[in-house]
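One file, entry_5.cif, is given below (mmCIF, N, CA and C atoms).
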```cif
data_final
loop_
_atom_site.group_PDB
_atom_site.id
_atom_site.type_symbol
_atom_site.label_atom_id
_atom_site.label_comp_id
_atom_site.auth_asym_id
_atom_site.auth_seq_id
_atom_site.Cartn_x
_atom_site.Cartn_y
_atom_site.Cartn_z
ATOM 1 N N MET A 1 16.446 10.780 4.985
ATOM 2 C CA MET A 1 15.110 10.236 4.971
ATOM 3 C C MET A 1 14.507 10.443 3.583
ATOM 4 N N ASN A 2 13.904 9.400 3.065
ATOM 5 C CA ASN A 2 13.360 9.459 1.717
ATOM 6 C C ASN A 2 11.866 9.131 1.746
ATOM 7 N N ILE A 3 11.050 10.079 2.172
ATOM 8 C CA ILE A 3 9.599 9.903 2.227
ATOM 9 C C ILE A 3 8.975 10.843 1.210
ATOM 10 N N LYS A 4 8.103 10.289 0.382
ATOM 11 C CA LYS A 4 7.395 11.099 -0.609
ATOM 12 C C LYS A 4 5.987 11.350 -0.082
ATOM 13 N N LEU A 5 5.635 12.616 0.088
ATOM 14 C CA LEU A 5 4.316 12.969 0.601
ATOM 15 C C LEU A 5 3.237 12.675 -0.436
ATOM 16 N N LYS A 6 2.072 12.282 0.056
ATOM 17 C CA LYS A 6 0.946 11.993 -0.830
ATOM 18 C C LYS A 6 0.319 13.293 -1.293
ATOM 19 N N ASN A 7 -0.085 13.295 -2.555
ATOM 20 C CA ASN A 7 -0.746 14.459 -3.146
ATOM 21 C C ASN A 7 -2.052 13.964 -3.753
ATOM 22 N N ASP A 8 -3.117 13.996 -2.961
ATOM 23 C CA ASP A 8 -4.402 13.455 -3.397
ATOM 24 C C ASP A 8 -5.524 14.436 -3.071
ATOM 25 N N ARG A 9 -6.752 13.986 -3.218
ATOM 26 C CA ARG A 9 -7.903 14.884 -3.006
ATOM 27 C C ARG A 9 -8.003 15.375 -1.570
ATOM 28 N N PHE A 10 -7.544 14.567 -0.606
ATOM 29 C CA PHE A 10 -7.602 14.994 0.796
ATOM 30 C C PHE A 10 -6.663 16.168 1.034
ATOM 31 N N LYS A 11 -5.479 16.127 0.435
ATOM 32 C CA LYS A 11 -4.538 17.240 0.543
ATOM 33 C C LYS A 11 -5.105 18.478 -0.145
ATOM 34 N N LYS A 12 -5.677 18.296 -1.319
ATOM 35 C CA LYS A 12 -6.254 19.423 -2.072
ATOM 36 C C LYS A 12 -7.426 20.051 -1.308
ATOM 37 N N ASN A 13 -8.244 19.221 -0.645
ATOM 38 C CA ASN A 13 -9.377 19.726 0.139
ATOM 39 C C ASN A 13 -8.934 20.588 1.312
ATOM 40 N N ARG A 14 -7.705 20.406 1.756
ATOM 41 C CA ARG A 14 -7.180 21.159 2.900
ATOM 42 C C ARG A 14 -6.226 22.262 2.462
ATOM 43 N N GLY A 15 -6.329 22.675 1.220
ATOM 44 C CA GLY A 15 -5.556 23.811 0.751
ATOM 45 C C GLY A 15 -4.249 23.479 0.066
ATOM 46 N N GLY A 16 -3.947 22.193 -0.119
ATOM 47 C CA GLY A 16 -2.742 21.791 -0.826
ATOM 48 C C GLY A 16 -1.465 21.971 -0.038
ATOM 49 N N TYR A 17 -1.567 22.151 1.272
ATOM 50 C CA TYR A 17 -0.401 22.395 2.128
ATOM 51 C C TYR A 17 -0.170 21.173 3.016
ATOM 52 N N SER A 18 1.041 20.628 2.998
ATOM 53 C CA SER A 18 1.384 19.471 3.833
ATOM 54 C C SER A 18 2.728 19.676 4.500
ATOM 55 N N ARG A 19 2.912 18.963 5.608
ATOM 56 C CA ARG A 19 4.214 18.933 6.262
ATOM 57 C C ARG A 19 4.372 17.558 6.912
ATOM 58 N N LEU A 20 5.614 17.161 7.085
ATOM 59 C CA LEU A 20 5.911 15.879 7.706
ATOM 60 C C LEU A 20 6.220 16.112 9.179
ATOM 61 N N LEU A 21 5.560 15.344 10.058
ATOM 62 C CA LEU A 21 5.747 15.481 11.500
ATOM 63 C C LEU A 21 6.394 14.229 12.076
ATOM 64 N N ASP A 22 7.291 14.434 13.011
ATOM 65 C CA ASP A 22 7.864 13.349 13.795
ATOM 66 C C ASP A 22 6.999 13.243 15.048
ATOM 67 N N ILE A 23 6.282 12.125 15.203
ATOM 68 C CA ILE A 23 5.334 11.942 16.301
ATOM 69 C C ILE A 23 6.000 11.114 17.402
ATOM 70 N N SER A 24 5.930 11.618 18.643
ATOM 71 C CA SER A 24 6.522 10.932 19.797
ATOM 72 C C SER A 24 5.529 10.915 20.958
ATOM 73 N N CYS A 25 5.748 9.995 21.878
ATOM 74 C CA CYS A 25 4.946 9.904 23.100
ATOM 75 C C CYS A 25 5.276 11.090 23.996
ATOM 76 N N GLU A 26 4.270 11.764 24.501
ATOM 77 C CA GLU A 26 4.481 12.900 25.411
ATOM 78 C C GLU A 26 5.088 12.432 26.737
ATOM 79 N N GLY A 27 4.710 11.239 27.176
ATOM 80 C CA GLY A 27 5.157 10.753 28.472
ATOM 81 C C GLY A 27 6.634 10.409 28.536
ATOM 82 N N CYS A 28 7.125 9.656 27.547
ATOM 83 C CA CYS A 28 8.514 9.176 27.627
ATOM 84 C C CYS A 28 9.387 9.641 26.464
ATOM 85 N N GLY A 29 8.796 10.262 25.440
ATOM 86 C CA GLY A 29 9.571 10.770 24.317
ATOM 87 C C GLY A 29 9.887 9.740 23.249
ATOM 88 N N GLN A 30 9.352 8.528 23.352
ATOM 89 C CA GLN A 30 9.604 7.457 22.377
ATOM 90 C C GLN A 30 9.031 7.832 21.003
ATOM 91 N N HIS A 31 9.854 7.709 19.952
ATOM 92 C CA HIS A 31 9.398 7.956 18.579
ATOM 93 C C HIS A 31 8.350 6.910 18.209
ATOM 94 N N LEU A 32 7.229 7.366 17.634
ATOM 95 C CA LEU A 32 6.160 6.453 17.219
ATOM 96 C C LEU A 32 6.138 6.261 15.709
ATOM 97 N N CYS A 33 6.174 7.377 14.972
ATOM 98 C CA CYS A 33 6.072 7.306 13.520
ATOM 99 C C CYS A 33 6.317 8.689 12.927
ATOM 100 N N PHE A 34 6.336 8.740 11.623
ATOM 101 C CA PHE A 34 6.288 10.003 10.899
ATOM 102 C C PHE A 34 4.885 10.116 10.330
ATOM 103 N N TYR A 35 4.356 11.335 10.264
ATOM 104 C CA TYR A 35 2.972 11.538 9.831
ATOM 105 C C TYR A 35 2.877 12.748 8.915
ATOM 106 N N GLN A 36 2.130 12.597 7.818
ATOM 107 C CA GLN A 36 1.883 13.707 6.898
ATOM 108 C C GLN A 36 0.641 14.457 7.362
ATOM 109 N N LYS A 37 0.832 15.670 7.821
ATOM 110 C CA LYS A 37 -0.282 16.531 8.247
ATOM 111 C C LYS A 37 -0.643 17.440 7.095
ATOM 112 N N ASP A 38 -1.887 17.362 6.659
ATOM 113 C CA ASP A 38 -2.390 18.207 5.571
ATOM 114 C C ASP A 38 -3.183 19.365 6.153
ATOM 115 N N GLY A 39 -2.936 20.556 5.659
ATOM 116 C CA GLY A 39 -3.703 21.724 6.053
ATOM 117 C C GLY A 39 -3.299 22.294 7.399
ATOM 118 N N PRO A 40 -3.919 23.431 7.738
ATOM 119 C CA PRO A 40 -3.616 24.106 9.004
ATOM 120 C C PRO A 40 -4.375 23.466 10.167
ATOM 121 N N GLY A 41 -4.104 23.937 11.350
ATOM 122 C CA GLY A 41 -4.870 23.514 12.523
ATOM 123 C C GLY A 41 -4.153 22.490 13.376
ATOM 124 N N MET A 42 -4.837 22.132 14.449
ATOM 125 C CA MET A 42 -4.297 21.177 15.415
ATOM 126 C C MET A 42 -4.335 19.761 14.846
ATOM 127 N N LEU A 43 -3.507 18.901 15.395
ATOM 128 C CA LEU A 43 -3.510 17.487 15.025
ATOM 129 C C LEU A 43 -4.442 16.758 15.986
ATOM 130 N N LYS A 44 -5.658 16.452 15.515
ATOM 131 C CA LYS A 44 -6.662 15.767 16.325
ATOM 132 C C LYS A 44 -6.772 14.295 15.958
ATOM 133 N N ARG A 45 -6.493 14.004 14.683
ATOM 134 C CA ARG A 45 -6.591 12.646 14.159
ATOM 135 C C ARG A 45 -5.343 12.341 13.346
ATOM 136 N N MET A 46 -4.947 11.076 13.342
ATOM 137 C CA MET A 46 -3.881 10.621 12.456
ATOM 138 C C MET A 46 -4.502 9.583 11.530
ATOM 139 N N TYR A 47 -4.689 9.958 10.265
ATOM 140 C CA TYR A 47 -5.250 9.042 9.276
ATOM 141 C C TYR A 47 -4.235 7.963 8.952
ATOM 142 N N PHE A 48 -4.703 6.727 8.838
ATOM 143 C CA PHE A 48 -3.803 5.601 8.623
ATOM 144 C C PHE A 48 -3.029 5.710 7.319
ATOM 145 N N ASP A 49 -3.629 6.318 6.300
ATOM 146 C CA ASP A 49 -2.932 6.417 5.009
ATOM 147 C C ASP A 49 -1.868 7.514 4.996
ATOM 148 N N ARG A 50 -1.682 8.196 6.120
ATOM 149 C CA ARG A 50 -0.666 9.241 6.221
ATOM 150 C C ARG A 50 0.458 8.877 7.202
ATOM 151 N N ILE A 51 0.415 7.672 7.757
ATOM 152 C CA ILE A 51 1.438 7.225 8.704
ATOM 153 C C ILE A 51 2.581 6.569 7.931
ATOM 154 N N TYR A 52 3.814 6.991 8.246
ATOM 155 C CA TYR A 52 5.008 6.457 7.593
ATOM 156 C C TYR A 52 5.959 5.882 8.635
ATOM 157 N N ASP A 53 6.804 4.954 8.192
ATOM 158 C CA ASP A 53 7.937 4.475 8.987
ATOM 159 C C ASP A 53 7.517 3.910 10.342
ATOM 160 N N SER A 54 6.497 3.035 10.351
ATOM 161 C CA SER A 54 6.058 2.409 11.593
ATOM 162 C C SER A 54 5.671 0.962 11.307
ATOM 163 N N LYS A 55 6.350 0.024 11.964
ATOM 164 C CA LYS A 55 6.016 -1.397 11.781
ATOM 165 C C LYS A 55 4.627 -1.703 12.335
ATOM 166 N N GLU A 56 4.264 -1.067 13.433
ATOM 167 C CA GLU A 56 2.991 -1.347 14.094
ATOM 168 C C GLU A 56 1.794 -0.701 13.398
ATOM 169 N N TYR A 57 1.986 0.504 12.844
ATOM 170 C CA TYR A 57 0.831 1.276 12.401
ATOM 171 C C TYR A 57 0.760 1.566 10.903
ATOM 172 N N SER A 58 1.781 1.216 10.125
ATOM 173 C CA SER A 58 1.690 1.357 8.672
ATOM 174 C C SER A 58 0.854 0.195 8.129
ATOM 175 N N GLY A 59 0.011 0.455 7.160
ATOM 176 C CA GLY A 59 -0.783 -0.597 6.533
ATOM 177 C C GLY A 59 -2.064 -0.960 7.258
ATOM 178 N N LEU A 60 -2.490 -0.190 8.238
ATOM 179 C CA LEU A 60 -3.701 -0.512 8.991
ATOM 180 C C LEU A 60 -4.986 -0.217 8.226
ATOM 181 N N LYS A 61 -4.902 0.598 7.174
ATOM 182 C CA LYS A 61 -6.126 0.984 6.456
ATOM 183 C C LYS A 61 -6.808 -0.208 5.785
ATOM 184 N N LYS A 62 -6.133 -1.347 5.714
ATOM 185 C CA LYS A 62 -6.703 -2.538 5.088
ATOM 186 C C LYS A 62 -7.578 -3.332 6.055
ATOM 187 N N LEU A 63 -7.476 -3.052 7.363
ATOM 188 C CA LEU A 63 -8.229 -3.792 8.373
ATOM 189 C C LEU A 63 -9.606 -3.181 8.609
ATOM 190 N N SER A 64 -10.524 -4.000 9.142
ATOM 191 C CA SER A 64 -11.840 -3.474 9.510
ATOM 192 C C SER A 64 -11.717 -2.756 10.861
ATOM 193 N N ILE A 65 -12.660 -1.880 11.133
ATOM 194 C CA ILE A 65 -12.607 -1.016 12.322
ATOM 195 C C ILE A 65 -12.508 -1.826 13.619
ATOM 196 N N ASN A 66 -13.169 -2.993 13.694
ATOM 197 C CA ASN A 66 -13.156 -3.769 14.939
ATOM 198 C C ASN A 66 -11.879 -4.590 15.125
ATOM 199 N N LYS A 67 -10.989 -4.617 14.138
ATOM 200 C CA LYS A 67 -9.719 -5.342 14.260
ATOM 201 C C LYS A 67 -8.527 -4.403 14.444
ATOM 202 N N LEU A 68 -8.794 -3.117 14.531
ATOM 203 C CA LEU A 68 -7.717 -2.133 14.632
ATOM 204 C C LEU A 68 -7.194 -2.020 16.065
ATOM 205 N N PRO A 69 -5.873 -1.894 16.216
ATOM 206 C CA PRO A 69 -5.306 -1.730 17.559
ATOM 207 C C PRO A 69 -5.465 -0.292 18.049
ATOM 208 N N ARG A 70 -5.345 -0.106 19.350
ATOM 209 C CA ARG A 70 -5.296 1.234 19.914
ATOM 210 C C ARG A 70 -3.880 1.756 19.750
ATOM 211 N N LEU A 71 -3.716 3.065 19.764
ATOM 212 C CA LEU A 71 -2.392 3.684 19.667
ATOM 213 C C LEU A 71 -1.789 3.719 21.060
ATOM 214 N N ILE A 72 -0.806 2.850 21.283
ATOM 215 C CA ILE A 72 -0.185 2.701 22.591
ATOM 216 C C ILE A 72 1.319 2.840 22.434
ATOM 217 N N CYS A 73 1.941 3.566 23.340
ATOM 218 C CA CYS A 73 3.405 3.693 23.336
ATOM 219 C C CYS A 73 4.012 2.357 23.733
ATOM 220 N N LYS A 74 4.877 1.826 22.887
ATOM 221 C CA LYS A 74 5.524 0.533 23.160
ATOM 222 C C LYS A 74 6.547 0.631 24.297
ATOM 223 N N ASN A 75 7.001 1.830 24.587
ATOM 224 C CA ASN A 75 8.013 2.010 25.632
ATOM 225 C C ASN A 75 7.395 2.102 27.028
ATOM 226 N N CYS A 76 6.397 2.977 27.198
ATOM 227 C CA CYS A 76 5.839 3.195 28.543
ATOM 228 C C CYS A 76 4.421 2.645 28.714
ATOM 229 N N GLY A 77 3.794 2.184 27.621
ATOM 230 C CA GLY A 77 2.462 1.589 27.718
ATOM 231 C C GLY A 77 1.321 2.579 27.793
ATOM 232 N N ARG A 78 1.597 3.850 27.628
ATOM 233 C CA ARG A 78 0.569 4.895 27.714
ATOM 234 C C ARG A 78 -0.379 4.819 26.507
ATOM 235 N N LEU A 79 -1.683 4.946 26.766
ATOM 236 C CA LEU A 79 -2.691 4.975 25.712
ATOM 237 C C LEU A 79 -2.723 6.376 25.106
ATOM 238 N N LEU A 80 -2.468 6.473 23.803
ATOM 239 C CA LEU A 80 -2.346 7.768 23.133
ATOM 240 C C LEU A 80 -3.547 8.100 22.246
ATOM 241 N N GLY A 81 -4.251 7.085 21.755
ATOM 242 C CA GLY A 81 -5.383 7.319 20.878
ATOM 243 C C GLY A 81 -6.144 6.034 20.612
ATOM 244 N N VAL A 82 -7.332 6.202 20.039
ATOM 245 C CA VAL A 82 -8.189 5.053 19.719
ATOM 246 C C VAL A 82 -8.579 5.110 18.246
ATOM 247 N N PRO A 83 -8.810 3.932 17.632
ATOM 248 C CA PRO A 83 -9.188 3.926 16.225
ATOM 249 C C PRO A 83 -10.634 4.391 16.037
ATOM 250 N N ILE A 84 -10.848 5.145 14.975
ATOM 251 C CA ILE A 84 -12.189 5.618 14.603
ATOM 252 C C ILE A 84 -12.324 5.570 13.089
ATOM 253 N N GLU A 85 -13.555 5.633 12.624
ATOM 254 C CA GLU A 85 -13.797 5.889 11.209
ATOM 255 C C GLU A 85 -14.310 7.314 11.124
ATOM 256 N N PHE A 86 -13.554 8.183 10.442
ATOM 257 C CA PHE A 86 -13.977 9.571 10.271
ATOM 258 C C PHE A 86 -15.061 9.570 9.197
ATOM 259 N N LYS A 87 -16.299 9.641 9.629
ATOM 260 C CA LYS A 87 -17.460 9.437 8.751
ATOM 261 C C LYS A 87 -17.511 10.425 7.594
ATOM 262 N N LYS A 88 -17.113 11.658 7.847
ATOM 263 C CA LYS A 88 -17.190 12.697 6.824
ATOM 264 C C LYS A 88 -16.404 12.324 5.563
ATOM 265 N N GLU A 89 -15.281 11.645 5.746
ATOM 266 C CA GLU A 89 -14.432 11.257 4.610
ATOM 267 C C GLU A 89 -14.329 9.753 4.428
ATOM 268 N N LYS A 90 -15.001 8.986 5.306
ATOM 269 C CA LYS A 90 -14.944 7.520 5.268
ATOM 270 C C LYS A 90 -13.502 7.022 5.305
ATOM 271 N N ARG A 91 -12.731 7.567 6.252
ATOM 272 C CA ARG A 91 -11.320 7.202 6.415
ATOM 273 C C ARG A 91 -11.067 6.725 7.835
ATOM 274 N N LEU A 92 -10.216 5.725 7.952
ATOM 275 C CA LEU A 92 -9.828 5.223 9.267
ATOM 276 C C LEU A 92 -8.705 6.081 9.833
ATOM 277 N N ALA A 93 -8.755 6.304 11.137
ATOM 278 C CA ALA A 93 -7.783 7.183 11.784
ATOM 279 C C ALA A 93 -7.672 6.829 13.260
ATOM 280 N N PHE A 94 -6.626 7.353 13.896
ATOM 281 C CA PHE A 94 -6.541 7.346 15.347
ATOM 282 C C PHE A 94 -7.035 8.692 15.835
ATOM 283 N N ARG A 95 -7.994 8.687 16.769
ATOM 284 C CA ARG A 95 -8.374 9.925 17.444
ATOM 285 C C ARG A 95 -7.408 10.064 18.602
ATOM 286 N N LEU A 96 -6.649 11.151 18.587
ATOM 287 C CA LEU A 96 -5.601 11.354 19.583
ATOM 288 C C LEU A 96 -6.166 11.984 20.846
ATOM 289 N N PHE A 97 -5.669 11.543 21.986
ATOM 290 C CA PHE A 97 -6.038 12.163 23.246
ATOM 291 C C PHE A 97 -5.232 13.436 23.426
ATOM 292 N N GLN A 98 -5.863 14.444 23.997
ATOM 293 C CA GLN A 98 -5.209 15.733 24.179
ATOM 294 C C GLN A 98 -3.989 15.579 25.070
ATOM 295 N N GLY A 99 -2.862 16.107 24.618
ATOM 296 C CA GLY A 99 -1.630 16.067 25.377
ATOM 297 C C GLY A 99 -0.919 14.724 25.378
ATOM 298 N N ALA A 100 -1.341 13.785 24.521
ATOM 299 C CA ALA A 100 -0.757 12.447 24.510
ATOM 300 C C ALA A 100 0.524 12.353 23.690
ATOM 301 N N ILE A 101 0.643 13.192 22.663
ATOM 302 C CA ILE A 101 1.801 13.102 21.772
ATOM 303 C C ILE A 101 2.496 14.454 21.653
ATOM 304 N N THR A 102 3.741 14.399 21.213
ATOM 305 C CA THR A 102 4.451 15.615 20.821
ATOM 306 C C THR A 102 4.790 15.468 19.349
ATOM 307 N N LYS A 103 4.933 16.595 18.683
ATOM 308 C CA LYS A 103 5.218 16.560 17.249
ATOM 309 C C LYS A 103 6.294 17.583 16.926
ATOM 310 N N LYS A 104 7.076 17.245 15.923
ATOM 311 C CA LYS A 104 8.151 18.126 15.469
ATOM 312 C C LYS A 104 8.128 18.106 13.954
ATOM 313 N N ILE A 105 8.163 19.276 13.326
ATOM 314 C CA ILE A 105 8.161 19.367 11.872
ATOM 315 C C ILE A 105 9.523 18.920 11.334
ATOM 316 N N ILE A 106 9.491 18.038 10.346
ATOM 317 C CA ILE A 106 10.701 17.515 9.718
ATOM 318 C C ILE A 106 10.829 18.135 8.328
ATOM 319 N N ARG A 107 12.011 18.613 8.033
ATOM 320 C CA ARG A 107 12.281 19.166 6.696
ATOM 321 C C ARG A 107 12.639 18.049 5.745
ATOM 322 N N LEU A 108 11.970 18.038 4.599
ATOM 323 C CA LEU A 108 12.271 17.056 3.559
ATOM 324 C C LEU A 108 13.310 17.637 2.619
ATOM 325 N N SER A 109 14.339 16.867 2.323
ATOM 326 C CA SER A 109 15.342 17.341 1.358
ATOM 327 C C SER A 109 14.802 17.105 -0.042
ATOM 328 N N LYS A 110 15.021 18.081 -0.919
ATOM 329 C CA LYS A 110 14.476 17.989 -2.284
ATOM 330 C C LYS A 110 15.486 17.414 -3.221
#
```

Since I need it in another form, could you write the structure as structure tokens?
Amino acid sequence: MNIKLKNDRFKKNRGGYSRLLDISCEGCGQHLCFYQKDGPGMLKRMYFDRIYDSKEYSGLKKLSINKLPRLICKNCGRLLGVPIEFKKEKRLAFRLFQGAITKKIIRLSK
């Protein structure tokens, strides 16, 4: 896998610590995408500019909030999250429902 993590002001604001997560549906285990999680803490939101390797969800940051799709598992149809604008940072994201996804830390080869 050849993914280069973003190193920008959002990463710096969260302590400069990032990891790559493999995001899957909790219900059926279907892989959804890879996601760059910056900083410590729980994964409550998935910012669109941090989503990798997804035909459905990469590139959504260019759309307006009312044209954004909901985060739905293509395999089982389960609703996993809804689009929001995180006002504090003026960034588009999916607000994840509790217990909707599973995540696994992926090691990047250097």

TODO: Can you list, as a ChimeraX atom specification, all residues belonging to region 48-78 of chain A that DSSP tags as strand (DSSP E)?
DONE: /A:51-52,71-72

Write to file, as a tab-separated table (two decimals), in the coordinates of the input, the residues of the selection just made, with N, CA and C atoms.
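Full text of selection-v7.tsv as output:
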```
chain	number	residue	atom	x	y	z
A	51	ILE	N	0.42	7.67	7.76
A	51	ILE	CA	1.44	7.22	8.70
A	51	ILE	C	2.58	6.57	7.93
A	52	TYR	N	3.81	6.99	8.25
A	52	TYR	CA	5.01	6.46	7.59
A	52	TYR	C	5.96	5.88	8.64
A	71	LEU	N	-3.72	3.06	19.76
A	71	LEU	CA	-2.39	3.68	19.67
A	71	LEU	C	-1.79	3.72	21.06
A	72	ILE	N	-0.81	2.85	21.28
A	72	ILE	CA	-0.18	2.70	22.59
A	72	ILE	C	1.32	2.84	22.43
```

- [ ] Kindly provide, as a PyMOL selection string, the polymer residues lying within 10 Å of (10.5, 16.5, 12.8), counting only C-alpha atoms and using the coordinates exactly as they appear in the file.
- [x] chain A and resi 19-24+34-35+103-108

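Picture a line from atom C of Asn75 (chain A) to CA of Glu26 (chain A); it runs 11.3 Å.
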
- [ ] Can you pull out every residue within 5 Å of Ser18 (chain A), counting all atoms listed in the file, but drop anything in the same chain fewer than 6 positions away, and send it as a list in words?
- [x] Lys37, Asp38 and Gly39 of chain A

Writer output for current selection, N, CA and C atoms, as a PDB file, in the coordinates of the input:
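Output file part.pdb is given in full below:
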```
ATOM      1  N   LYS A  37       0.832  15.670   7.821  1.00  0.00           N
ATOM      2  CA  LYS A  37      -0.282  16.531   8.247  1.00  0.00           C
ATOM      3  C   LYS A  37      -0.643  17.440   7.095  1.00  0.00           C
ATOM      4  N   ASP A  38      -1.887  17.362   6.659  1.00  0.00           N
ATOM      5  CA  ASP A  38      -2.390  18.207   5.571  1.00  0.00           C
ATOM      6  C   ASP A  38      -3.183  19.365   6.153  1.00  0.00           C
ATOM      7  N   GLY A  39      -2.936  20.556   5.659  1.00  0.00           N
ATOM      8  CA  GLY A  39      -3.703  21.724   6.053  1.00  0.00           C
ATOM      9  C   GLY A  39      -3.299  22.294   7.399  1.00  0.00           C
TER      10      GLY A  39
END
```

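CA of Lys12 (chain A) lies 25.7 Å from atom C of Ser54 (chain A).
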
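In this model, the gap between CA of Lys67 (chain A) and atom C of Ile3 (chain A) comes to 28.0 Å.
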
- [ ] I need the residue set behind the PyMOL selection byres ((chain A and resi 93) around 6.5) for this file; please write it as a PyMOL selection string.
- [x] chain A and resi 45-48+82-86+91-92+94-95

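Minimum distance to Leu96 (chain A) across A:Ile65, A:Leu43, A:Leu60, A:Cys76 (counting all atoms listed in the file) occurs at A:Leu43.
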
- [ ] Among the residues of chain A, find those DSSP assigns to helix (DSSP H, G or I) from the backbone and print them as a list in words.
- [x] Arg9, Phe10, Lys11, Lys12, Asn13, Phe48, Asp49, Arg50, Leu60, Lys61, Lys62, Ile65, Asn66 and Lys67 of chain A

- [ ] Report as JSON, numbers by chain the full result of the PyMOL selection byres (((chain A and resi 57 and name CA) around 9) and name CA) when it is applied to this structure.
- [x] {"A": [32, 33, 48, 51, 52, 53, 54, 55, 56, 58, 59, 60, 69, 71]}

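Excluding Pro40 (chain A) itself and any same-chain residue fewer than 5 positions from it, the protein and nucleic acid residues within 9 Å of it, counting only C-alpha atoms, are Arg14, Gly15, Tyr17 and Ser18 of chain A.
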
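Shortest atom-to-atom contact with Gly99 (chain A) among A:Leu63, A:Met42, A:Cys25, A:Leu5: A:Cys25, counting all atoms listed in the file.
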
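Closest approach to Ile101 (chain A) among A:Leu68, A:Lys74, A:Leu80, A:Gly16 is made by A:Leu80 (distances from only N, CA and C atoms).
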